[in-house]
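**Q** My structure is in work-v8.cif, and what it holds is mmCIF, C-alpha atoms:
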```cif
data_data
#
loop_
_atom_site.label_atom_id
_atom_site.label_comp_id
_atom_site.auth_asym_id
_atom_site.auth_seq_id
_atom_site.Cartn_x
_atom_site.Cartn_y
_atom_site.Cartn_z
CA MET A 12 -0.30 22.95 22.71
CA ARG A 13 -2.16 26.06 21.68
CA ARG A 14 -5.46 25.93 19.83
CA GLU A 15 -3.92 27.64 16.76
CA ASP A 16 -1.17 25.00 16.60
CA LYS A 17 -3.75 22.23 16.79
CA ALA A 18 -5.77 23.84 13.98
CA VAL A 19 -2.69 23.95 11.75
CA ILE A 20 -1.91 20.27 12.46
CA ILE A 21 -5.53 19.26 11.79
CA ASP A 22 -5.53 21.18 8.50
CA ASN A 23 -2.23 19.56 7.43
CA LEU A 24 -3.53 16.09 8.30
CA ALA A 25 -6.80 16.76 6.49
CA THR A 26 -4.88 17.82 3.38
CA ARG A 27 -2.73 14.68 3.50
CA LEU A 28 -5.81 12.48 3.97
CA LYS A 29 -7.54 14.09 0.98
CA GLU A 30 -4.50 13.48 -1.22
CA ALA A 31 -3.91 9.91 -0.05
CA ASN A 32 -5.75 6.97 -1.59
CA HIS A 33 -4.05 4.66 0.87
CA PHE A 34 -2.98 4.99 4.48
CA TYR A 35 -2.29 2.60 7.32
CA LEU A 36 -2.82 3.18 11.04
CA THR A 37 -0.16 1.40 13.08
CA ASP A 38 1.17 1.11 16.61
CA VAL A 39 4.94 1.55 16.78
CA SER A 40 5.13 2.13 20.53
CA ASP A 41 7.59 0.00 22.49
CA LEU A 42 10.16 0.13 19.67
CA ASN A 43 13.53 1.28 20.95
CA ALA A 44 15.42 4.14 19.28
CA GLU A 45 17.43 1.85 16.99
CA GLN A 46 14.35 -0.06 15.80
CA THR A 47 12.43 3.17 15.24
CA SER A 48 15.31 4.54 13.21
CA GLN A 49 15.44 1.36 11.11
CA LEU A 50 11.69 1.52 10.51
CA ARG A 51 11.85 5.16 9.46
CA ARG A 52 14.80 4.38 7.15
CA LYS A 53 12.86 1.53 5.49
CA CYS A 54 9.83 3.78 5.11
CA PHE A 55 11.99 6.44 3.46
CA GLU A 56 13.53 3.87 1.08
CA LYS A 57 10.08 2.63 0.04
CA ASN A 58 8.51 6.09 -0.32
CA VAL A 59 6.23 5.71 2.70
CA GLU A 60 5.66 8.73 4.93
CA LEU A 61 5.46 7.75 8.61
CA LEU A 62 3.91 10.25 11.04
CA VAL A 63 3.18 9.87 14.73
CA VAL A 64 -0.15 11.57 15.41
CA LYS A 65 -2.43 12.36 18.30
CA ASN A 66 -5.63 10.37 18.03
CA THR A 67 -7.96 13.30 18.70
CA LEU A 68 -6.27 15.49 16.08
CA LEU A 69 -6.39 12.68 13.50
CA ARG A 70 -10.06 12.05 14.23
CA LYS A 71 -10.89 15.76 13.83
CA ALA A 72 -8.98 15.81 10.53
CA MET A 73 -10.90 12.75 9.35
CA GLU A 74 -14.21 14.37 10.32
CA GLN A 75 -13.24 17.63 8.62
CA ILE A 76 -12.74 16.01 5.19
CA GLY A 77 -16.24 14.70 4.67
CA THR A 78 -15.22 11.15 3.76
CA ASP A 79 -16.71 8.60 6.14
CA TYR A 80 -13.79 7.19 8.13
CA SER A 81 -16.00 6.16 11.05
CA GLU A 82 -14.89 2.51 10.76
CA LEU A 83 -11.38 3.58 11.76
CA PHE A 84 -12.49 5.68 14.76
CA GLY A 85 -12.53 2.63 17.04
CA GLN A 86 -8.84 2.04 16.26
CA LEU A 87 -7.79 5.48 17.45
CA LYS A 88 -6.68 4.38 20.91
CA GLY A 89 -3.20 4.26 22.38
CA ALA A 90 -0.17 5.29 20.36
CA THR A 91 -0.98 5.77 16.68
CA SER A 92 1.24 6.29 13.69
CA ILE A 93 -0.02 6.83 10.19
CA MET A 94 1.72 5.59 7.05
CA PHE A 95 0.90 7.44 3.83
CA THR A 96 1.75 5.76 0.55
CA GLU A 97 1.14 5.96 -3.18
CA VAL A 98 1.25 2.17 -3.68
CA ALA A 99 -1.33 0.25 -1.64
CA ASN A 100 0.67 -2.86 -0.75
CA VAL A 101 4.05 -1.31 0.12
CA PRO A 102 3.34 -0.58 3.83
CA GLY A 103 1.82 -4.06 4.23
CA LYS A 104 4.97 -5.67 2.83
CA LEU A 105 7.16 -3.33 4.89
CA ILE A 106 5.34 -4.18 8.14
CA LYS A 107 5.46 -7.89 7.37
CA GLU A 108 9.19 -7.70 6.60
CA PHE A 109 9.96 -5.59 9.69
CA ARG A 110 8.01 -7.93 11.96
CA ALA A 111 10.34 -10.78 11.05
CA LYS A 112 12.79 -9.07 13.44
CA CYS A 113 10.46 -7.69 16.13
CA ASP A 114 6.81 -7.70 17.20
CA LYS A 115 5.95 -4.20 16.07
CA PRO A 116 4.54 -2.33 14.18
CA ILE A 117 1.05 -3.63 14.75
CA LEU A 118 -1.57 -2.82 12.15
CA LYS A 119 -4.59 -1.10 13.68
CA GLY A 120 -6.37 -0.44 10.43
CA ALA A 121 -5.93 0.65 6.84
CA TYR A 122 -7.80 2.59 4.19
CA VAL A 123 -6.95 1.27 0.73
CA GLU A 124 -8.92 2.30 -2.38
CA GLN A 125 -12.15 3.14 -0.53
CA SER A 126 -11.97 -0.09 1.53
CA PHE A 127 -11.32 -0.48 5.23
CA TYR A 128 -9.14 -3.21 6.74
CA ILE A 129 -9.44 -3.43 10.50
CA GLY A 130 -7.10 -5.37 12.76
CA ASP A 131 -3.65 -6.88 12.64
CA ASP A 132 -4.95 -10.09 11.05
CA GLN A 133 -5.42 -8.15 7.78
CA ILE A 134 -1.67 -7.67 7.23
CA GLU A 135 -1.40 -10.75 4.96
CA THR A 136 -4.27 -9.53 2.81
CA LEU A 137 -2.80 -6.04 2.52
CA ALA A 138 0.69 -7.33 1.70
CA HIS A 139 -0.71 -9.40 -1.18
CA ILE A 140 -2.94 -6.73 -2.73
CA LYS A 141 -1.68 -5.97 -6.20
CA SER A 142 -0.71 -2.41 -6.97
CA LYS A 143 -2.18 -0.54 -9.91
CA SER A 144 0.96 -1.02 -12.01
CA GLU A 145 1.02 -4.77 -11.22
CA LEU A 146 -2.63 -5.09 -12.31
CA ILE A 147 -1.96 -3.21 -15.53
CA ALA A 148 1.02 -5.49 -16.25
CA ASP A 149 -1.17 -8.58 -15.64
CA ILE A 150 -3.88 -7.27 -17.98
CA ILE A 151 -1.34 -6.50 -20.71
CA ALA A 152 0.16 -9.97 -20.34
CA LEU A 153 -3.30 -11.53 -20.64
CA LEU A 154 -4.11 -9.45 -23.71
CA GLN A 155 -0.79 -10.29 -25.36
CA SER A 156 -1.05 -14.02 -24.72
CA PRO A 157 -3.61 -14.87 -27.46
CA ALA A 158 -1.78 -12.70 -29.98
CA LYS A 159 1.51 -14.42 -29.18
CA ASN A 160 -0.16 -17.82 -29.62
CA VAL A 161 -1.53 -16.85 -33.04
CA VAL A 162 1.82 -15.47 -34.20
CA SER A 163 3.73 -18.53 -33.01
CA ALA A 164 1.17 -20.85 -34.66
CA LEU A 165 1.51 -18.96 -37.94
CA GLN A 166 5.29 -19.07 -37.72
CA SER A 167 5.39 -22.79 -36.94
CA SER A 168 2.84 -23.54 -39.71
CA GLY A 169 4.93 -21.59 -42.15
CA GLN A 170 8.01 -23.57 -41.18
CA ASN A 171 6.08 -26.86 -41.48
CA LEU A 172 4.75 -25.86 -44.89
CA THR A 173 8.23 -24.89 -46.03
CA GLY A 174 9.58 -28.24 -44.82
CA ILE A 175 6.84 -30.17 -46.65
CA LEU A 176 7.42 -28.25 -49.91
CA LYS A 177 11.14 -28.81 -49.64
CA THR A 178 10.63 -32.54 -49.09
CA LEU A 179 8.25 -32.78 -52.07
CA SER A 180 10.60 -30.87 -54.33
CA GLU A 181 13.47 -33.20 -53.42
CA LYS A 182 11.38 -36.25 -54.41
#
```
How would this structure read if it were set down as structure tokens?
**A**
Amino acid sequence: MRREDKAVIIDNLATRLKEANHFYLTDVSDLNAEQTSQLRRKCFEKNVELLVVKNTLLRKAMEQIGTDYSELFGQLKGATSIMFTEVANVPGKLIKEFRAKCDKPILKGAYVEQSFYIGDDQIETLAHIKSKSELIADIIALLQSPAKNVVSALQSSGQNLTGILKTLSEK
């Protein structure tokens, strides 16, 4: 590969890394063609971009950005694929679901909301991280709960009061 081609790839990777708040480094080697196709199809369905990258080019792109990705540098060995996503937990769930059928992909590391997750043992943690929309829904539900309790108490009190007045008027 020519130096100009490498520079273009590094620049493209650097741009993608700047835009991404979340990405996962995985090892998808040893998957046969059918399994790879299934994985790519699942990634497409879940809005996850899967790219196979050369470790040296990815490292240069990471260094070019200015963000400190040095914790992930040790994971850049062997075959590496990178999964870009908008929702932090989707690749974790996808990997967990796909591994029910086969042993790969293996999680090398992940960068999620300025935090690093190193090693395949972090897949459970990543799969259970709540997305931004899930957190917002939880907060709204918590905020609505006291208001719903007050409204229901007022409604039930009003019905009780009406029942008492009706009983008294009948006597």
**Q** Which residues fall under the PyMOL selection byres ((chain A and resi 106) around 9) in this file, as a PyMOL selection string?
**A** chain A and resi 50+101-105+107-111+115-118+134+138
**Q** Which residue gives the smallest distance to Gln125 (chain A) among A:Ala18, A:Val64, A:Ala148, A:Ala99, with all atoms listed in the file counted?
**A** A:Ala99
**Q** Smallest atom-to-atom distance to Cys54 (chain A): which of A:Thr136, A:Thr96, A:Thr178, A:Thr37, using all atoms listed in the file?
**A** A:Thr96
**Q** Excluding same-chain residues fewer than 3 positions from Asp38 (chain A), what lies within 12 Å of it counting only C-alpha atoms, as a PyMOL selection string?
**A** chain A and resi 35+41-42+47+61-66+86-94+106+114-120+130-131
**Q** Which value, in Å to one decimal, gives the distance between CA of Tyr122 (chain A) and CA of Ser48 (chain A)?
**A**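 The value is 24.9 Å.
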**Q** How many Å separate CA of Asn43 (chain A) from CA of Leu69 (chain A)?
**A** 24.1 Å
**Q** Using all atoms listed in the file, find the one residue out of A:Phe95, A:Asp22, A:Gln46, A:Glu30 that sits nearest to Leu68 (chain A).
**A**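 The closest residue to Leu68 (chain A) is A:Asp22.
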**Q** From the set A:Arg52, A:Lys57, A:His33, A:Lys71, which residue has the shortest atom-to-atom contact distance to Val19 (chain A), counting only C-alpha atoms?
**A** A:Lys71
**Q** Pick from A:Ile20, A:Leu154, A:Ile147, A:Ala25: nearest to Tyr80 (chain A), with all atoms listed in the file counted?
**A**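 The shortest atom-to-atom distance to Tyr80 (chain A) comes from A:Ala25.
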**Q** Separation of CA of Ile129 (chain A) and CA of Lys17 (chain A), in Å?
**A**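 Pair CA of Ile129 (chain A) / CA of Lys17 (chain A) returns 27.0 Å.
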